[in-house]
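**Q** To start, I am sharing the structure in question, which I have written as structure tokens.
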Amino acid sequence: MFRVHRSILLCVWLFMSLIVEGSVHEYKGERFVGKGNAFVVHGGSEGIYSGNHNENSVLPANGDSYIRFEKITFRRTREFSNFSSGLVQAIVFEVEDRELVGGSAYGGQRAVCCTADLAKLGVCSEGEIIHRPSTKDPSWPQVFGVSFNVDELVATFPSKSIQISSTGMYNLYFMHCDPNLKEVVVEGKTIWKNPSGYLPGRMAPLMRFYGFMSLAFVILGLFWFSQYARFWREVFPLQNCITLVITLGMFEMAFWYFDYAEFNETGIRPTGITLWAVTFGTIKLTVARLVILMVSMGYGVVRPTLGGLTSKVILVGVTFFVASEVLELVENVGTVSDLSGRARLFLVLPVSMLDAFIIIWIFRSLSATLNKLQAKRMMVKLDIYRKFTNALAVAVIVSVGWICYELYFKANDVYNERWQNAWVIPAFWRVLSFSLLCVICALWAPSQNSMRYAYSDDASDEFDRDDGTLTLIKPSTIPSKDGRSALEPRPVQASNGASNSDSEEDKRE
């Protein structure tokens with residue numbers, strides 16, 4: 001007979017995929033919003049792992065999981081204080097128990113607050129939240145409340161800790177059913193804790209992930225910087241750009257790890273570290289896209305400069321940086337739930353459109369560069385560019401496939417029941433970009449032959465052509481009058497060509 005008032009709860013749960021909120025949830029004058037026949041303030045939603053609770057302990061110890069209420073107060077204005085009110089209640093429930101909240105009488109309109117018809121059935125008290133006990137644990141959902149006495153301006157919850165003994169996605173709502181309390185505001189805070197710290201359960205795996213990514217960037221950096229130091233005389237501009245991307249990546253991963261570690265330790269997102277992590281990440285993202293674009297145009301390989309395209313590339317880069325920085329700051333430093341869906345869409349669309357534009361530009365430039373290399377028969381450079389094109393094409397195909405999976409994942413996880421696997425979605429994009437960076441590093445790593453892959457407008461480019469263009473001619477056995485054959489210098493050139501061909505093969509290997 002009882003079903004969840006989904007029209008009331010669903011609109012709030014939809015924000016969960018957007019919220020990046022600390023485990024210390026602060027309420028600073030939050031106002032109740034009318035939803036159906038109830039007035040609601042969303043107090044928080046987090047994935048929490050079950051903890052090792054000692055029933056004899058008074059305060060939660062390390063390793064416990066809990067939701068603690070601290071100094072939660074409800075304030076009303078003096079104008080509406082001349083009456084005693086109904087209960088202002090807090091309800092905490094696991095997402096699988098959502099069907100136990102709300103109901104309807106005789107199949108009529110669903111409601112969260114108990115109506116007169118439901119009260120007549122004796123299943124609830126009029127003016128209170130409708131809920132039924134869980135079959136797994138009759139003490140859940142947890143509901144408790146406080147009311148205002150006549151002329152009382154403030155009502156306060158007693159400090160309370162709710163122990164979490166079962167892993168799940170937990171939701172907290174403050175609700176009341178009294179229209180006369182529409183001006184009431186909530187103040188105070190709740191503290192949500194997992195066994196390993198204050199990181200929300202869906203974010204906790206990311207701290208370890210960023211630790212591994214930091215190590216991966218250090219290993220890549222050691223390889224690249226050692227090669228750079230050994231062959232610094234042979235380095236050309238493109239390799240300097242790759243060095244910058246690796247350096248930015250190392251800083252970004254380190255800042256993200258420390259950001260999550262501090263978050264886990266204190267329960268409050270460290271704004272300074274988060275700001276640095278977001279900024280380094282956005283700069284790296286922008287530089288990486290511009291490097292791929294410049295490589296596709298043949299910069300430093302088949303052309304010495306970008307010429308008239310320089311200003312366009314810089315303009316696209318600056319625009320992409322600004323759009324991405326604003327989006328990342330809002331999602332990580334600010335609270336996305338303060339924005340409506342339309343406002344967030346306004347921030348996401350520019351980044352998505354710029355990304356699509358850059359990808360199209362990259363492949364068009366790659367096509368022109370491949371044609372130019374083919375026409376000039378620069379076979380070694382052509383081989384590298386073909387490998388780069390294949391890697392980029394695979395990355396784009398995998399990205400499209402993952403986007404489809406991500407849409408499917410979110411469409412089938414409206415209530416965040418699969419929160420324990422949600423960290424994989426942002427982690428995948430980090431791994432994919434790092435893999436593409438590794439491919440670029442492998443193709444253009446500094447070596448003793450690096451300059452052979454750089455732009456050159458002299459005849460040395462002839463050595464980039466395949467072996468079929470160099471003919472080995474045997475020296476004549478008949479000496480000339482001066483004791484030397486007129487054709488003898490030519491085998492030396494052929495020998496040099498063959499030697500260079502060998503070095504080309506080594507490079508390919």
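Labels for the structure tokens follow display order: chains A, B, ..., residues from 1 in each chain, ligands from 1.
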Find the residues around Val326 in chain A up to 10 Å (only C-alpha atoms counted), leave out those fewer than 3 positions away in its own chain, and share them as a list in words.

**A**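 Those residues are Val278, Thr279, Thr282, Phe321, Val322, Ala323, Leu329, Val330, Glu331, Leu347, Val348 and Val351 of chain A.
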
**Q** Could you state the separation of CA of Ile268 in chain A and CA of Val24 in chain A in Å, given to one decimal place?

**A** 6.0 Å

**Q** What's the 7 Å shell around Phe69 in chain A, counting only C-alpha atoms, without same-chain residues fewer than 4 positions away, as a count of residues only?

**A** 6

**Q** Residues near Glu96 in chain A, anyone? I mean within 12 Å using only C-alpha atoms, not counting same-chain ones fewer than 3 positions away, as a VMD selection string.

**A** chain A and resid 4 92 to 93 99 to 101 134 to 136 140 to 141 166 to 171 415 to 418

**Q** For those residues, write C-alpha atoms to a file as an mmCIF file, in the first residue's frame.

**A**
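Okay, part.cif is ready:
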data_model
loop_
_atom_site.group_PDB
_atom_site.id
_atom_site.type_symbol
_atom_site.label_atom_id
_atom_site.label_comp_id
_atom_site.auth_asym_id
_atom_site.auth_seq_id
_atom_site.Cartn_x
_atom_site.Cartn_y
_atom_site.Cartn_z
ATOM 1 C CA VAL A 4 7.900 6.151 -2.182
ATOM 2 C CA VAL A 92 18.099 8.871 7.499
ATOM 3 C CA PHE A 93 17.643 5.872 5.232
ATOM 4 C CA GLU A 99 10.217 2.280 -0.806
ATOM 5 C CA LEU A 100 9.653 2.514 2.944
ATOM 6 C CA VAL A 101 9.278 6.301 2.879
ATOM 7 C CA SER A 134 12.970 -2.220 7.271
ATOM 8 C CA THR A 135 12.718 -6.006 7.169
ATOM 9 C CA LYS A 136 16.523 -6.228 7.477
ATOM 10 C CA TRP A 140 15.766 1.726 10.094
ATOM 11 C CA PRO A 141 14.900 4.209 8.642
ATOM 12 C CA SER A 166 25.580 -2.009 6.655
ATOM 13 C CA THR A 167 27.328 -0.730 3.529
ATOM 14 C CA GLY A 168 25.106 1.441 1.356
ATOM 15 C CA MET A 169 24.178 4.832 -0.054
ATOM 16 C CA TYR A 170 22.676 6.816 2.824
ATOM 17 C CA ASN A 171 20.401 9.836 2.483
ATOM 18 C CA TYR A 415 19.524 6.429 -7.146
ATOM 19 C CA ASN A 416 23.315 5.880 -7.072
ATOM 20 C CA GLU A 417 22.990 2.267 -5.960
ATOM 21 C CA ARG A 418 26.190 1.408 -7.870
#

**Q** So which residues touch Leu199 in chain A within 12 Å, counting only C-alpha atoms, skipping near sequence neighbours fewer than 6 positions away, as a list in words?

**A**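 Non-adjacent residues within range: Val20, Glu21, Gly22, Ser23, Val24, Glu46, Gly47, Ile48, Tyr49, Ser65, Ile191, Trp192, Lys193, Pro205, Leu206, Met207, Arg208, Asp259, Tyr260, Ala261, Glu262, Phe263, Asn264, Glu265, Thr266, Gly267, Ile268 and Arg269 of chain A.
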
**Q** Which value, in Å to one decimal, gives the distance between CA of Ser165 in chain A and CA of Val41 in chain A?

**A** 25.1 Å

**Q** Given the choices A:Lys284, A:His131, A:Arg76, A:Arg202, which gets closest to Met250 in chain A if the distance is worked out from only C-alpha atoms?

**A** A:Lys284

**Q** Between A:Pro304, A:Gly63, A:Pro179, A:Gly122, which one has atoms that come closest to Pro195 in chain A, using only C-alpha atoms?

**A**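 Closest candidate: A:Gly63.
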
**Q** Point out the residue among A:Ile246, A:Leu215, A:Leu153, A:Leu392 with the least atom-to-atom distance to Phe80 in chain A, counting only C-alpha atoms.

**A**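 Going through A:Ile246, A:Leu215, A:Leu153, A:Leu392 one by one, the smallest distance to Phe80 in chain A is for A:Leu153.
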
**Q** Please identify all polymer residues within 12 Å of Trp276 in chain A, counting only C-alpha atoms, omitting same-chain residues fewer than 3 positions from it, and present them as a ChimeraX atom specification.

**A** /A:248,251-259,270-273,279-283,325,328-329,332-333

**Q** Those same residues - N, CA, C and O atoms - I'd like them written as an mmCIF file, in the first residue's frame.

**A**
data_model
loop_
_atom_site.group_PDB
_atom_site.id
_atom_site.type_symbol
_atom_site.label_atom_id
_atom_site.label_comp_id
_atom_site.auth_asym_id
_atom_site.auth_seq_id
_atom_site.Cartn_x
_atom_site.Cartn_y
_atom_site.Cartn_z
ATOM 1 N N LEU A 248 53.640 18.878 -16.083
ATOM 2 C CA LEU A 248 52.327 19.310 -15.595
ATOM 3 C C LEU A 248 51.535 18.124 -15.054
ATOM 4 O O LEU A 248 50.843 18.235 -14.034
ATOM 5 N N PHE A 251 52.732 17.167 -11.522
ATOM 6 C CA PHE A 251 52.210 18.087 -10.513
ATOM 7 C C PHE A 251 50.719 17.879 -10.291
ATOM 8 O O PHE A 251 50.232 17.897 -9.147
ATOM 9 N N GLU A 252 49.970 17.685 -11.384
ATOM 10 C CA GLU A 252 48.523 17.511 -11.254
ATOM 11 C C GLU A 252 48.178 16.300 -10.396
ATOM 12 O O GLU A 252 47.369 16.386 -9.459
ATOM 13 N N MET A 253 48.774 15.140 -10.703
ATOM 14 C CA MET A 253 48.468 13.925 -9.957
ATOM 15 C C MET A 253 48.868 14.056 -8.486
ATOM 16 O O MET A 253 48.158 13.595 -7.589
ATOM 17 N N ALA A 254 50.007 14.697 -8.237
ATOM 18 C CA ALA A 254 50.454 14.884 -6.857
ATOM 19 C C ALA A 254 49.482 15.769 -6.090
ATOM 20 O O ALA A 254 49.114 15.461 -4.936
ATOM 21 N N PHE A 255 49.014 16.856 -6.708
ATOM 22 C CA PHE A 255 48.073 17.750 -6.033
ATOM 23 C C PHE A 255 46.737 17.055 -5.766
ATOM 24 O O PHE A 255 46.133 17.229 -4.701
ATOM 25 N N TRP A 256 46.265 16.253 -6.733
ATOM 26 C CA TRP A 256 45.007 15.538 -6.512
ATOM 27 C C TRP A 256 45.139 14.552 -5.362
ATOM 28 O O TRP A 256 44.220 14.403 -4.544
ATOM 29 N N TYR A 257 46.270 13.870 -5.290
ATOM 30 C CA TYR A 257 46.455 12.910 -4.205
ATOM 31 C C TYR A 257 46.448 13.627 -2.854
ATOM 32 O O TYR A 257 45.765 13.192 -1.914
ATOM 33 N N PHE A 258 47.183 14.722 -2.732
ATOM 34 C CA PHE A 258 47.229 15.448 -1.464
ATOM 35 C C PHE A 258 45.877 16.091 -1.150
ATOM 36 O O PHE A 258 45.502 16.219 0.024
ATOM 37 N N ASP A 259 45.153 16.495 -2.182
ATOM 38 C CA ASP A 259 43.822 17.048 -1.981
ATOM 39 C C ASP A 259 42.907 16.009 -1.328
ATOM 40 O O ASP A 259 42.224 16.285 -0.331
ATOM 41 N N PRO A 270 40.070 20.882 1.068
ATOM 42 C CA PRO A 270 41.048 21.979 1.158
ATOM 43 C C PRO A 270 41.017 22.830 -0.104
ATOM 44 O O PRO A 270 41.514 22.421 -1.158
ATOM 45 N N THR A 271 40.466 24.017 0.014
ATOM 46 C CA THR A 271 40.244 24.855 -1.166
ATOM 47 C C THR A 271 41.540 25.178 -1.908
ATOM 48 O O THR A 271 41.582 25.142 -3.144
ATOM 49 N N GLY A 272 42.614 25.479 -1.170
ATOM 50 C CA GLY A 272 43.875 25.861 -1.816
ATOM 51 C C GLY A 272 44.454 24.749 -2.661
ATOM 52 O O GLY A 272 44.801 24.950 -3.837
ATOM 53 N N ILE A 273 44.552 23.549 -2.083
ATOM 54 C CA ILE A 273 45.115 22.413 -2.830
ATOM 55 C C ILE A 273 44.225 22.056 -4.007
ATOM 56 O O ILE A 273 44.708 21.764 -5.111
ATOM 57 N N THR A 279 43.834 23.795 -11.504
ATOM 58 C CA THR A 279 44.544 24.669 -12.439
ATOM 59 C C THR A 279 45.631 23.916 -13.196
ATOM 60 O O THR A 279 45.742 24.044 -14.427
ATOM 61 N N PHE A 280 46.451 23.129 -12.478
ATOM 62 C CA PHE A 280 47.477 22.339 -13.167
ATOM 63 C C PHE A 280 46.843 21.355 -14.142
ATOM 64 O O PHE A 280 47.361 21.134 -15.247
ATOM 65 N N GLY A 281 45.733 20.740 -13.723
ATOM 66 C CA GLY A 281 45.061 19.786 -14.601
ATOM 67 C C GLY A 281 44.525 20.441 -15.855
ATOM 68 O O GLY A 281 44.637 19.881 -16.961
ATOM 69 N N THR A 282 43.941 21.627 -15.717
ATOM 70 C CA THR A 282 43.387 22.323 -16.882
ATOM 71 C C THR A 282 44.493 22.791 -17.817
ATOM 72 O O THR A 282 44.358 22.705 -19.049
ATOM 73 N N ILE A 283 45.600 23.295 -17.246
ATOM 74 C CA ILE A 283 46.738 23.701 -18.089
ATOM 75 C C ILE A 283 47.287 22.491 -18.843
ATOM 76 O O ILE A 283 47.558 22.568 -20.047
ATOM 77 N N GLU A 325 38.548 25.547 -17.123
ATOM 78 C CA GLU A 325 38.884 25.995 -15.762
ATOM 79 C C GLU A 325 37.625 26.369 -14.993
ATOM 80 O O GLU A 325 37.465 25.993 -13.822
ATOM 81 N N GLU A 328 35.736 23.088 -14.095
ATOM 82 C CA GLU A 328 36.411 22.300 -13.059
ATOM 83 C C GLU A 328 36.359 22.996 -11.701
ATOM 84 O O GLU A 328 36.202 22.345 -10.661
ATOM 85 N N LEU A 329 36.483 24.320 -11.688
ATOM 86 C CA LEU A 329 36.401 25.050 -10.419
ATOM 87 C C LEU A 329 35.018 24.905 -9.798
ATOM 88 O O LEU A 329 34.877 24.689 -8.589
ATOM 89 N N ASN A 332 34.591 21.172 -8.516
ATOM 90 C CA ASN A 332 35.461 20.674 -7.458
ATOM 91 C C ASN A 332 35.624 21.632 -6.294
ATOM 92 O O ASN A 332 35.667 21.193 -5.143
ATOM 93 N N VAL A 333 35.713 22.924 -6.549
ATOM 94 C CA VAL A 333 35.901 23.884 -5.484
ATOM 95 C C VAL A 333 34.553 24.393 -4.986
ATOM 96 O O VAL A 333 34.322 24.511 -3.789
#

**Q** Which one of A:Leu436, A:His42, A:Arg68, A:Ile362 sits closest to Leu172 in chain A if you count only C-alpha atoms?

**A**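 Nearest to Leu172 in chain A: A:His42.
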
**Q** Would you mind listing what lies within 12 Å of range 234-240 of chain A as a ChimeraX atom specification, with only C-alpha atoms counted and same-chain residues fewer than 4 positions away left out?

**A** /A:224-225,227-230,244-247,287-288,290-305,440-456

**Q** Which is closest to Val112 in chain A among A:Met379, A:Leu349, A:Val431, A:Cys124, if we use only C-alpha atoms?

**A**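 Residue with the minimum atom-to-atom distance to Val112 in chain A: A:Cys124.
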
**Q** How would you write, as a PyMOL selection string, the set of residues in range 214-418 of chain A that DSSP gives as alpha helix (DSSP H)?

**A** chain A and resi 214-230+237-266+271-297+310-332+341-376+379-411

**Q** Closest to Ala427 in chain A among A:Ala375, A:Glu183, A:Trp402, A:Ala391, using only C-alpha atoms?

**A**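 The closest residue to Ala427 in chain A is A:Trp402.
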
**Q** What parts of range 178-340 of chain A does DSSP call strand (DSSP E or B)? I'd like the answer as number ranges by chain.

**A** A: 185-194, 197, 299, 303

**Q** Could you tell me how far CA of Ile91 in chain A sits from CA of Ser45 in chain A, in Å to one decimal place?

**A**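 CA of Ile91 in chain A lies at a distance of 11.8 Å from CA of Ser45 in chain A.
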